[in-house]
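Undergrad: My questions all concern the structure below.
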Amino acid sequence: MSEKMILIPGRSSKQGTSLNQGKLKDEYKQVTTTLEMNSDDMKKRGLIDGDEVRLSNETGETIVRCLGVKPEDLPPGMLFIPYGPPSSQLMASDTAGCGMPLSKHMEVEIEKIST
């Protein structure tokens, strides 16, 4: 069963330092495929650190791994992922004239991948 949540892609220090090593390196791939989620939201959905989830919206879909964060660090219903190929698969081409795809406050469906 999928549920809708708000995804905020953005820069992170780990994403920036791993980018310096190269986009084809394992560290960059690991950082950009890790979805941060409020740990209380994870418990409600039966998720644990490392579980794979599918994120989808009207633009596309991607599969990433979950990492729980303290509730005071990420509000309920919100998700964070560092910019990278997975987050780009969910961004439409509209830039509203700024040259950067609109990527904040994206509504996505999240669904646990059965193992």
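Identifiers in the structure tokens: chain A, B, ... in order shown; residue index from 1 per chain; ligand index from 1 in order shown.
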Near stretch 39-45 of chain A, counting only C-alpha atoms, which residues have an atom at most 10 Å away, once you skip same-chain residues fewer than 4 positions from it, shown as a PyMOL selection string?
TA: chain A and resi 1-3+49+51+66-79+110-112
Undergrad: Hey, which of A:Leu55, A:Met91, A:Glu107, A:Pro86 ends up closest to A:Val31? Count only C-alpha atoms.
TA: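 Ranked by minimum distance to A:Val31, first place goes to A:Pro86.
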Undergrad: Taking only C-alpha atoms into account, which of A:Val53, A:Leu90, A:Met5, A:Ile63 comes nearest A:Asn38?
TA: A:Met5
Undergrad: Just want the 12 Å neighbourhood of A:Ser87, counted on only C-alpha atoms, with same-chain residues fewer than 3 positions away dropped. Output as a PDB file with C-alpha atoms, in the first residue's frame.
TA:
```pdb
ATOM      1  CA  LEU A   7       9.851  15.033  -0.660  1.00  0.00           C
ATOM      2  CA  ILE A   8      12.501  17.733  -0.371  1.00  0.00           C
ATOM      3  CA  PRO A   9      15.607  17.035  -2.477  1.00  0.00           C
ATOM      4  CA  GLY A  10      18.585  19.193  -1.618  1.00  0.00           C
ATOM      5  CA  ARG A  11      22.297  19.531  -1.076  1.00  0.00           C
ATOM      6  CA  LYS A  29      25.762   6.385  -5.222  1.00  0.00           C
ATOM      7  CA  VAL A  31      24.561   8.996  -0.456  1.00  0.00           C
ATOM      8  CA  THR A  32      22.196   9.882  -3.318  1.00  0.00           C
ATOM      9  CA  THR A  33      20.117   6.711  -2.919  1.00  0.00           C
ATOM     10  CA  THR A  34      19.507   7.199   0.823  1.00  0.00           C
ATOM     11  CA  LEU A  35      16.134   8.657   1.769  1.00  0.00           C
ATOM     12  CA  ARG A  54       9.618   3.050  -4.256  1.00  0.00           C
ATOM     13  CA  LEU A  55       9.003   6.774  -4.612  1.00  0.00           C
ATOM     14  CA  SER A  56       6.727   7.812  -7.443  1.00  0.00           C
ATOM     15  CA  ASN A  57       4.848  10.819  -8.768  1.00  0.00           C
ATOM     16  CA  THR A  59       6.886  12.464 -13.500  1.00  0.00           C
ATOM     17  CA  GLY A  60       8.548   9.161 -12.663  1.00  0.00           C
ATOM     18  CA  GLU A  61       9.682   6.728 -10.008  1.00  0.00           C
ATOM     19  CA  THR A  62      12.818   5.557  -8.261  1.00  0.00           C
ATOM     20  CA  ILE A  63      13.866   3.004  -5.648  1.00  0.00           C
ATOM     21  CA  VAL A  64      15.955   4.093  -2.656  1.00  0.00           C
ATOM     22  CA  LEU A  79      11.200  13.169   3.335  1.00  0.00           C
ATOM     23  CA  PHE A  80      14.701  14.352   2.402  1.00  0.00           C
ATOM     24  CA  ILE A  81      17.053  12.999  -0.264  1.00  0.00           C
ATOM     25  CA  PRO A  82      20.319  14.486  -1.522  1.00  0.00           C
ATOM     26  CA  TYR A  83      20.321  15.620  -5.144  1.00  0.00           C
ATOM     27  CA  GLY A  84      21.380  12.877  -7.544  1.00  0.00           C
ATOM     28  CA  LEU A  90      11.037  12.585  -9.951  1.00  0.00           C
ATOM     29  CA  MET A  91      11.595  16.144 -11.225  1.00  0.00           C
ATOM     30  CA  ALA A  92       9.648  17.566 -14.143  1.00  0.00           C
ATOM     31  CA  PRO A 101      13.947  22.072 -12.184  1.00  0.00           C
ATOM     32  CA  LEU A 102      11.317  22.722  -9.557  1.00  0.00           C
ATOM     33  CA  SER A 103      12.242  20.282  -6.822  1.00  0.00           C
ATOM     34  CA  LYS A 104      10.974  21.558  -3.495  1.00  0.00           C
ATOM     35  CA  MET A 106       7.214  17.439  -4.315  1.00  0.00           C
ATOM     36  CA  VAL A 108       5.357  11.555  -3.848  1.00  0.00           C
TER      37      VAL A 108
END
```
Undergrad: Could you state the separation of atom CA of A:Pro85 and atom CA of A:Glu58 in Å, given to one decimal place?
TA: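 Straight-line distance from atom CA of A:Pro85 to atom CA of A:Glu58 works out to 16.8 Å.
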Undergrad: Enumerate as a ChimeraX atom specification all residues of stretch 2-84 of chain A assigned to strand (DSSP E) by DSSP on the backbone, naming them with the chain letters and numbers the document uses.
TA: /A:3-10,34-38,52-56,61-69,78-82
